[in-house]
Structures are given as structure tokens and as C-alpha cells.
file upload_32.cif (mmCIF, C-alpha atoms and all ligand atoms)
data_input
loop_
_atom_site.label_atom_id
_atom_site.label_comp_id
_atom_site.auth_asym_id
_atom_site.auth_seq_id
_atom_site.Cartn_x
_atom_site.Cartn_y
_atom_site.Cartn_z
CA MET A 19 -140.79 129.86 41.94
CA ASN A 20 -144.35 131.02 41.36
CA PRO A 21 -144.26 134.74 40.66
CA ALA A 22 -147.10 136.91 41.95
CA ILE A 23 -147.38 138.66 38.57
CA VAL A 24 -146.40 137.60 35.05
CA PHE A 25 -146.95 139.62 31.88
CA LYS A 26 -146.02 137.61 28.75
CA ASN A 27 -145.76 139.64 25.54
CA VAL A 28 -148.71 141.76 26.59
CA SER A 29 -150.13 144.48 24.37
CA LYS A 30 -153.26 146.48 24.96
CA ILE A 31 -154.59 148.30 21.94
CA TYR A 32 -157.51 150.69 22.36
CA HIS A 33 -159.95 151.15 19.46
CA GLY A 34 -157.77 149.02 17.22
CA GLN A 35 -155.02 151.63 16.97
CA ILE A 36 -153.91 153.28 20.25
CA TYR A 37 -151.29 151.32 22.16
CA GLY A 38 -151.84 151.45 25.93
CA LEU A 39 -149.09 148.85 26.35
CA LYS A 40 -146.80 147.33 23.72
CA ASP A 41 -145.27 143.86 24.09
CA ILE A 42 -144.63 143.99 27.81
CA ASN A 43 -142.73 141.22 29.60
CA LEU A 44 -142.64 141.54 33.36
CA GLU A 45 -142.32 139.25 36.36
CA VAL A 46 -142.85 140.25 39.96
CA GLU A 47 -141.83 137.68 42.56
CA LYS A 48 -143.88 137.05 45.67
CA GLY A 49 -142.77 139.44 48.39
CA ASP A 50 -141.39 142.05 45.99
CA PHE A 51 -141.98 145.78 46.32
CA VAL A 52 -142.17 147.47 42.92
CA PHE A 53 -142.82 150.99 41.73
CA VAL A 54 -144.19 151.55 38.23
CA THR A 55 -143.41 155.02 36.97
CA GLY A 56 -143.64 156.95 33.73
CA HIS A 57 -145.05 160.13 32.31
CA SER A 58 -148.73 160.71 31.75
CA GLY A 59 -149.93 158.34 29.03
CA ALA A 60 -147.00 155.93 29.51
CA GLY A 61 -149.34 153.03 30.31
CA LYS A 62 -149.38 152.80 34.13
CA SER A 63 -153.17 152.71 34.53
CA THR A 64 -153.50 150.26 31.66
CA LEU A 65 -151.04 147.94 33.41
CA LEU A 66 -152.97 148.15 36.69
CA LYS A 67 -156.32 147.59 34.99
CA LEU A 68 -154.95 144.47 33.34
CA LEU A 69 -153.81 143.27 36.76
CA TYR A 70 -157.20 143.47 38.40
CA ARG A 71 -158.89 142.36 35.19
CA ALA A 72 -160.81 145.53 34.53
CA LEU A 73 -159.27 145.08 31.05
CA LEU A 74 -158.11 142.07 29.06
CA PRO A 75 -154.96 142.18 26.93
CA SER A 76 -155.32 142.48 23.15
CA THR A 77 -152.45 140.00 22.82
CA GLY A 78 -150.30 138.11 25.30
CA GLU A 79 -151.05 136.65 28.73
CA VAL A 80 -151.37 138.04 32.24
CA TYR A 81 -151.01 135.80 35.29
CA VAL A 82 -151.77 136.96 38.80
CA ASN A 83 -151.22 134.59 41.70
CA ASN A 84 -150.87 131.76 39.16
CA MET A 85 -154.21 132.49 37.52
CA ASN A 86 -154.30 133.11 33.80
CA LEU A 87 -156.64 136.09 33.68
CA LEU A 88 -157.65 135.40 30.08
CA LYS A 89 -158.97 132.02 31.11
CA LEU A 90 -160.71 133.18 34.26
CA LYS A 91 -164.43 132.38 34.12
CA GLN A 92 -166.86 135.22 34.83
CA LYS A 93 -168.11 133.47 37.96
CA ASP A 94 -164.56 133.22 39.33
CA ILE A 95 -163.76 136.93 38.99
CA PRO A 96 -165.06 137.97 42.44
CA LEU A 97 -163.02 135.17 44.00
CA PHE A 98 -159.94 136.24 42.04
CA ARG A 99 -160.35 139.89 43.12
CA ARG A 100 -160.22 138.82 46.75
CA THR A 101 -156.69 137.53 46.28
CA LEU A 102 -155.53 141.04 45.57
CA GLY A 103 -156.14 144.35 47.28
CA VAL A 104 -156.58 147.45 45.14
CA VAL A 105 -156.13 151.03 46.35
CA PHE A 106 -157.52 153.54 43.87
CA GLN A 107 -156.35 157.11 43.50
CA ASP A 108 -159.80 158.49 44.28
CA VAL A 109 -160.30 156.55 47.45
CA LYS A 110 -163.92 155.52 46.74
CA LEU A 111 -165.05 155.55 50.38
CA LEU A 112 -168.75 155.48 51.29
CA PRO A 113 -169.44 158.97 52.66
CA ARG A 114 -172.32 158.01 54.97
CA LYS A 115 -170.51 155.11 56.58
CA THR A 116 -167.95 155.31 59.37
CA ALA A 117 -164.38 154.11 58.91
CA ILE A 118 -165.07 150.75 60.50
CA GLU A 119 -168.31 150.35 58.49
CA ASN A 120 -166.49 151.12 55.23
CA ILE A 121 -164.30 148.11 55.90
CA SER A 122 -166.92 145.84 57.45
CA LEU A 123 -169.39 146.19 54.58
CA CYS A 124 -166.89 144.70 52.15
CA LEU A 125 -166.05 141.89 54.52
CA GLU A 126 -169.72 141.05 55.12
CA MET A 127 -170.02 140.30 51.42
CA LEU A 128 -167.52 137.49 51.92
CA GLY A 129 -170.03 135.74 54.15
CA LEU A 130 -167.77 135.84 57.21
CA SER A 131 -169.20 135.62 60.73
CA ASP A 132 -169.89 138.94 62.51
CA ARG A 133 -167.07 138.15 64.91
CA GLU A 134 -164.57 137.56 62.08
CA VAL A 135 -165.71 140.71 60.25
CA LYS A 136 -165.15 142.78 63.38
CA LYS A 137 -161.80 141.18 64.09
CA ARG A 138 -160.47 141.72 60.57
CA ALA A 139 -161.84 145.27 60.31
CA TYR A 140 -160.20 146.40 63.55
CA LYS A 141 -156.97 144.58 62.71
CA SER A 142 -156.84 146.35 59.32
CA LEU A 143 -157.39 149.75 60.94
CA GLU A 144 -154.63 148.94 63.43
CA LEU A 145 -152.21 148.07 60.61
CA VAL A 146 -152.70 151.51 59.06
CA LYS A 147 -152.56 153.20 62.49
CA LEU A 148 -156.12 154.47 62.33
CA SER A 149 -157.71 152.63 65.27
CA SER A 150 -158.56 155.88 67.03
CA LYS A 151 -160.70 157.02 64.07
CA SER A 152 -162.85 153.91 63.72
CA ARG A 153 -166.09 155.85 64.22
CA ALA A 154 -165.18 158.84 62.07
CA PHE A 155 -166.93 159.49 58.75
CA PRO A 156 -164.72 159.98 55.67
CA ASN A 157 -165.30 163.76 55.63
CA GLU A 158 -163.96 163.91 59.19
CA LEU A 159 -160.67 162.39 58.04
CA SER A 160 -157.70 164.17 56.46
CA GLY A 161 -156.63 163.23 52.92
CA GLY A 162 -153.85 161.02 54.29
CA GLU A 163 -156.22 159.34 56.76
CA GLN A 164 -158.72 158.67 53.98
CA GLN A 165 -155.94 157.08 51.97
CA ARG A 166 -154.99 154.94 55.00
CA LEU A 167 -158.62 153.88 55.36
CA ALA A 168 -158.67 152.88 51.69
CA ILE A 169 -155.56 150.77 52.33
CA ALA A 170 -157.16 149.22 55.42
CA ARG A 171 -160.19 148.25 53.35
CA ALA A 172 -158.00 146.77 50.62
CA ILE A 173 -155.99 144.64 53.07
CA SER A 174 -159.00 143.49 55.11
CA TYR A 175 -159.45 140.58 52.68
CA TYR A 176 -155.92 139.46 53.64
CA PRO A 177 -154.69 139.62 50.02
CA THR A 178 -151.23 138.37 49.10
CA LEU A 179 -150.84 141.12 46.50
CA LEU A 180 -151.60 144.80 47.02
CA ILE A 181 -151.66 147.21 44.08
CA ALA A 182 -152.08 150.96 44.43
CA ASP A 183 -152.70 153.66 41.83
CA GLU A 184 -150.91 156.89 42.74
CA PRO A 185 -151.63 156.45 46.46
CA THR A 186 -149.76 159.64 47.31
CA GLY A 187 -151.16 161.64 44.39
CA ASN A 188 -153.25 164.09 46.40
CA ILE A 189 -151.35 164.38 49.66
CA ASP A 190 -148.33 166.28 50.97
CA LEU A 191 -144.87 164.81 51.22
CA LYS A 192 -144.85 164.20 54.99
CA THR A 193 -148.12 162.29 54.79
CA SER A 194 -146.82 160.44 51.74
CA TRP A 195 -143.96 159.06 53.84
CA GLU A 196 -146.42 157.82 56.45
CA ILE A 197 -148.32 156.02 53.69
CA MET A 198 -145.09 154.57 52.29
CA SER A 199 -144.03 153.30 55.70
CA ILE A 200 -147.38 151.48 55.93
CA PHE A 201 -146.70 149.83 52.56
CA GLU A 202 -143.22 148.88 53.77
CA ASN A 203 -144.63 147.26 56.90
CA LEU A 204 -147.16 145.30 54.87
CA ASN A 205 -144.35 144.21 52.57
CA ARG A 206 -142.30 143.05 55.57
CA MET A 207 -145.30 140.98 56.60
CA GLY A 208 -144.98 139.20 53.25
CA MET A 209 -147.39 141.09 51.01
CA THR A 210 -146.30 141.74 47.43
CA ILE A 211 -146.69 145.44 46.66
CA LEU A 212 -146.96 147.20 43.30
CA ILE A 213 -147.46 150.97 43.29
CA THR A 214 -147.76 153.41 40.40
CA THR A 215 -146.44 156.89 41.03
CA HIS A 216 -145.32 160.05 39.31
CA ASN A 217 -143.43 161.18 42.37
CA PRO A 218 -139.63 161.09 41.81
CA ILE A 219 -138.88 161.98 45.44
CA ILE A 220 -140.69 158.93 46.75
CA VAL A 221 -139.10 156.64 44.18
CA SER A 222 -135.59 157.94 44.72
CA LYS A 223 -135.71 157.57 48.49
CA MET A 224 -137.39 154.19 48.81
CA ASN A 225 -134.65 152.09 47.17
CA LYS A 226 -136.99 149.61 45.57
CA ARG A 227 -137.31 148.03 42.16
CA VAL A 228 -138.53 150.61 39.65
CA VAL A 229 -140.19 149.70 36.36
CA GLN A 230 -140.24 152.74 34.14
CA LEU A 231 -142.75 152.85 31.30
CA LYS A 232 -142.49 155.01 28.21
CA ASN A 233 -144.99 155.00 25.35
CA GLY A 234 -146.43 151.70 26.54
CA GLN A 235 -143.07 149.92 26.76
CA ILE A 236 -140.66 149.15 29.58
CA GLU A 237 -137.88 151.67 29.32
CA SER A 238 -135.95 150.43 32.34
CA ASP A 239 -136.39 147.91 35.14
CA SER A 240 -133.88 148.05 37.95
CA LEU A 241 -133.24 148.75 41.58
CA TRP A 242 -133.15 152.49 42.11
CA ASP A 243 -129.48 153.37 42.22
CA LYS A 244 -129.45 156.92 40.95
CA PRO A 245 -128.23 159.82 43.11
CA LEU A 246 -130.80 161.66 45.18
CA ILE A 247 -131.27 164.71 43.03
CA TYR A 248 -134.64 165.79 44.34
CA GLU A 249 -133.62 166.81 47.87
N1 LIG B 301 -160.11 153.89 27.25
C1 LIG B 301 -159.17 154.33 26.43
N2 LIG B 301 -159.43 154.55 25.13
C2 LIG B 301 -158.48 154.97 24.28
N3 LIG B 301 -157.20 155.21 24.62
C3 LIG B 301 -156.88 155.01 25.92
C4 LIG B 301 -157.83 154.57 26.88
N4 LIG B 301 -157.21 154.45 28.08
C5 LIG B 301 -155.92 154.82 27.86
N5 LIG B 301 -155.72 155.15 26.58
C6 LIG B 301 -154.44 155.56 25.96
O1 LIG B 301 -153.46 154.58 26.30
C7 LIG B 301 -152.22 155.21 26.61
C8 LIG B 301 -151.80 154.83 28.04
O2 LIG B 301 -152.75 155.39 28.95
P1 LIG B 301 -152.71 155.13 30.51
O3 LIG B 301 -153.96 155.73 31.10
O4 LIG B 301 -152.46 153.71 30.77
O5 LIG B 301 -151.42 156.00 30.93
P2 LIG B 301 -150.92 156.46 32.38
O6 LIG B 301 -149.45 156.24 32.41
O7 LIG B 301 -151.73 155.79 33.45
O8 LIG B 301 -151.27 158.01 32.38
P3 LIG B 301 -151.65 158.99 33.61
O9 LIG B 301 -150.43 159.09 34.46
O10 LIG B 301 -151.99 160.28 32.93
O11 LIG B 301 -152.82 158.37 34.32
C9 LIG B 301 -152.43 156.70 26.41
O12 LIG B 301 -152.02 157.02 25.11
C10 LIG B 301 -153.93 156.87 26.55
O13 LIG B 301 -154.40 157.98 25.80
#

call {"tool": "encode", "arguments": {"input": "upload_32.cif", "output": "C-alpha cells"}}
result
Amino acid sequence: MNPAIVFKNVSKIYHGQIYGLKDINLEVEKGDFVFVTGHSGAGKSTLLKLLYRALLPSTGEVYVNNMNLLKLKQKDIPLFRRTLGVVFQDVKLLPRKTAIENISLCLEMLGLSDREVKKRAYKSLELVKLSSKSRAFPNELSGGEQQRLAIARAISYYPTLLIADEPTGNIDLKTSWEIMSIFENLNRMGMTILITTHNPIIVSKMNKRVVQLKNGQIESDSLWDKPLIYE
């Protein structure tokens, strides 16, 4: 087996003294769907940043899609980032570009033909059920639609791994379920999904693997099997 993600004895220490993560060991198999939870300051963002190589570990090794991120050469970083899609909490959409342009602009940077860019951009919008809003500007979209557009942009590269930072952080529960069902569909299509969230209702109803962080360490790692106490 070649896991999608491997953390081997990973610690991240900020300013030589603050532990963001402490001796983490974690494997995520290809095709898994994993939530990472934990209180504020538990280390969720640090873990994500290590995954997309915005940070390097202080000790230990991180592998994503079989690449040792410590050994990745600077010139290979853009290529590496295309193997994973990232959905940020603040959606980072370009305000003066339409939905379809927000996606196409990223794809154009890959050097794809105009035809391929168009095909992938429309396909991505279709996957997040936003085809009817292709010409809308971000400020003409609801919070949930903006989040869906951010997902469409992240999957337009056809990544095998999709990671999302609090993707339901700023939206209501009903819209959150719509977003979760999109992640589930992408997972069924074979994409590995890793999502950080604070939201216990989402976690308790989705029945997925849950990695719970506390003070930079893994407190528990199991399938969610607790009773639904947040109804
Ligand atoms: N750039 C930084 N410099 C110093 N300390 C940092 C830095 N980033 C994070 N930390 C510290 O590392 C620890 C983990 O932070 P992290 O942001 O990963 O937690 P989190 O679980 O994502 O929190 P939140 O849910 O509030 O976003 C915290 O103690 C935090 O103060």
C-alpha cells in the first residue's frame, strides 16, 4: 500500500519553544475520508500547513502522495501542489472575476489548451452543482456557493488528495450538509479527503474516521462511534 499521507514522528516547534505539533504519527490511506478535530490551538492548521508544505517539520518526516516533503526541491513545489487540492477557510476568490474565470485562471497556469481549460472548469462547477452560476461574480454568490466555488477551483487540477480547512466554518448547518455531500461524492469518485473542523454535529453524523488533536498530539484516532448527542 502507498498511503496518501504519512507523518513520521513529526514535531513542529515555533520560535524554538512553542509546540504546534508534538511527535505525530499518522497514516491516511488513498481513498480515505478523515476529519481532524480539536480545540483552538490543538494543531489543526499546523498539520494542514505541513501537508501543503507551507511549513516544514522541525523534526520527523511528512510524505504526501509518496513525496518526502523535506526533500522536495524548490522547483518541484508547484508541481507537488497540483497533486493536492486545498480549500482555505477564507475562500480566497478573485472578486473581479466570474465563477468560471476564477477556475480557468488557475488552469491556464498549467499550460493546458483553451479547450481543456474550459472542459475542466465546467466539469468542476458541475461537480459542485454550481453550473447555473458560472457567470456570477463572487459577491453575487451566497457563502455556501462561494465555498462550493472554492472547492470547484481546488478540484479543477484533478488532485488525488483534497484538504480543507474548516470548510463549513462560516456557513449555516443546512448549507454545511450540502458541502459535506459534495465531499462525499468526491470521495466516492476516489479522492482522498482530509477536513479540519470544530463542528461536532458534522463529525458525529458523518461516520468517518476522526483524528482528534489536543495540545499538538493525537488524543484519539478512530471511526466515529459515539452516540449522537448534538441533535
Ligand atoms: N506562526 C506561529 N508562531 C508561533 N506559534 C504558533 C504559530 N502558529 C501556531 N502557533 C501555535 O501553535 C499551536 C497550534 O496552533 P494551530 O494554529 O495549529 O492550532 P489550530 O488547532 O489550528 O487552532 P484554531 O482552531 O484556533 O485555528 C498553538 O499553540 C499556536 O499558538

call {"tool": "axis_aligned_box", "arguments": {"input": "upload_32.cif", "around": "ligand LIG 301 (chain B)", "padding_each_side": "5 Å", "output": "AutoDock Vina command-line options"}}
result
--center_x -154.8 --center_y 157.0 --center_z 29.4 --size_x 20.7 --size_y 16.6 --size_z 20.2

call {"tool": "closest_residue", "arguments": {"input": "upload_32.cif", "among": "A:Leu87, A:Leu39, A:Ile200, A:Met209", "to": "A:Ser63", "atoms": "only C-alpha atoms"}}
result
A:Leu39

call {"tool": "residues_around", "arguments": {"input": "upload_32.cif", "residues": "A:Tyr140", "least_positions_apart": "4", "cutoff": "12 Å", "atoms": "only C-alpha atoms", "output": "JSON, numbers by chain"}}
result
{"A": [117, 118, 119, 120, 121, 122, 125, 133, 134, 135, 136, 144, 145, 146, 147, 148, 149, 150, 151, 152, 153, 167, 170, 171, 173, 174]}

call {"tool": "residues_near_ligand", "arguments": {"input": "upload_32.cif", "ligand": "ligand LIG 301 (chain B)", "cutoff": "7 Å", "atoms": "all atoms listed in the file", "output": "list in words"}}
result
Tyr32, His33, Ile36, Tyr37, Gly38, Leu39, Gly56, His57, Ser58, Gly59, Ala60, Gly61, Lys62, Ser63, Thr64, Leu65 and Gly234 of chain A

call {"tool": "closest_residue", "arguments": {"input": "upload_32.cif", "among": "A:Val46, A:Val105, A:Leu179, A:Ile23", "to": "A:Ile197", "atoms": "all atoms listed in the file"}}
result
A:Val105

call {"tool": "closest_residue", "arguments": {"input": "upload_32.cif", "among": "A:Leu180, A:Cys124, A:Leu69, A:Ala168", "to": "A:Gly103", "atoms": "all atoms listed in the file"}}
result
A:Leu180

call {"tool": "closest_residue", "arguments": {"input": "upload_32.cif", "among": "A:Leu130, A:Ser142, A:Val52, A:Leu90", "to": "A:Lys226", "atoms": "only C-alpha atoms"}}
result
A:Val52

call {"tool": "atom_distance", "arguments": {"input": "upload_32.cif", "atom1": "atom CA of A:Glu79", "atom2": "atom CA of A:Lys26"}}
result
5.1 Å

call {"tool": "residues_near_point", "arguments": {"input": "upload_32.cif", "point": "(-146.7, 133.5, 44.8)", "cutoff": "12 Å", "atoms": "all atoms listed in the file", "output": "PyMOL selection string"}}
result
chain A and resi 19-24+45-50+81-85+101-102+177-179+208-210

call {"tool": "atom_distance", "arguments": {"input": "upload_32.cif", "atom1": "atom CA of A:Glu196", "atom2": "atom CA of A:Tyr176"}}
result
20.9 Å

call {"tool": "atom_distance", "arguments": {"input": "upload_32.cif", "atom1": "atom CA of A:Leu74", "atom2": "atom CA of A:Glu126"}}
result
28.5 Å

call {"tool": "residues_near_point", "arguments": {"input": "upload_32.cif", "point": "(-150.7, 165.6, 51.7)", "cutoff": "6 Å", "atoms": "all atoms listed in the file", "output": "short mmCIF file (atom, residue, chain, number, x, y, z; two decimals) with C-alpha atoms, in the frame of the given file"}}
result
data_model
loop_
_atom_site.label_atom_id
_atom_site.label_comp_id
_atom_site.auth_asym_id
_atom_site.auth_seq_id
_atom_site.Cartn_x
_atom_site.Cartn_y
_atom_site.Cartn_z
CA ILE A 189 -151.35 164.38 49.66
CA ASP A 190 -148.33 166.28 50.97
CA LEU A 191 -144.87 164.81 51.22
CA THR A 193 -148.12 162.29 54.79
#

call {"tool": "closest_residue", "arguments": {"input": "upload_32.cif", "among": "A:Ala154, A:Leu123, A:Glu184, A:Ser76", "to": "A:Gln35", "atoms": "only C-alpha atoms"}}
result
A:Ser76

call {"tool": "residues_around", "arguments": {"input": "upload_32.cif", "residues": "A:Asn225", "least_positions_apart": "3", "cutoff": "9 Å", "atoms": "all atoms listed in the file", "output": "list in words"}}
result
Val221, Ser222, Val228, Leu241, Trp242 and Asp243 of chain A
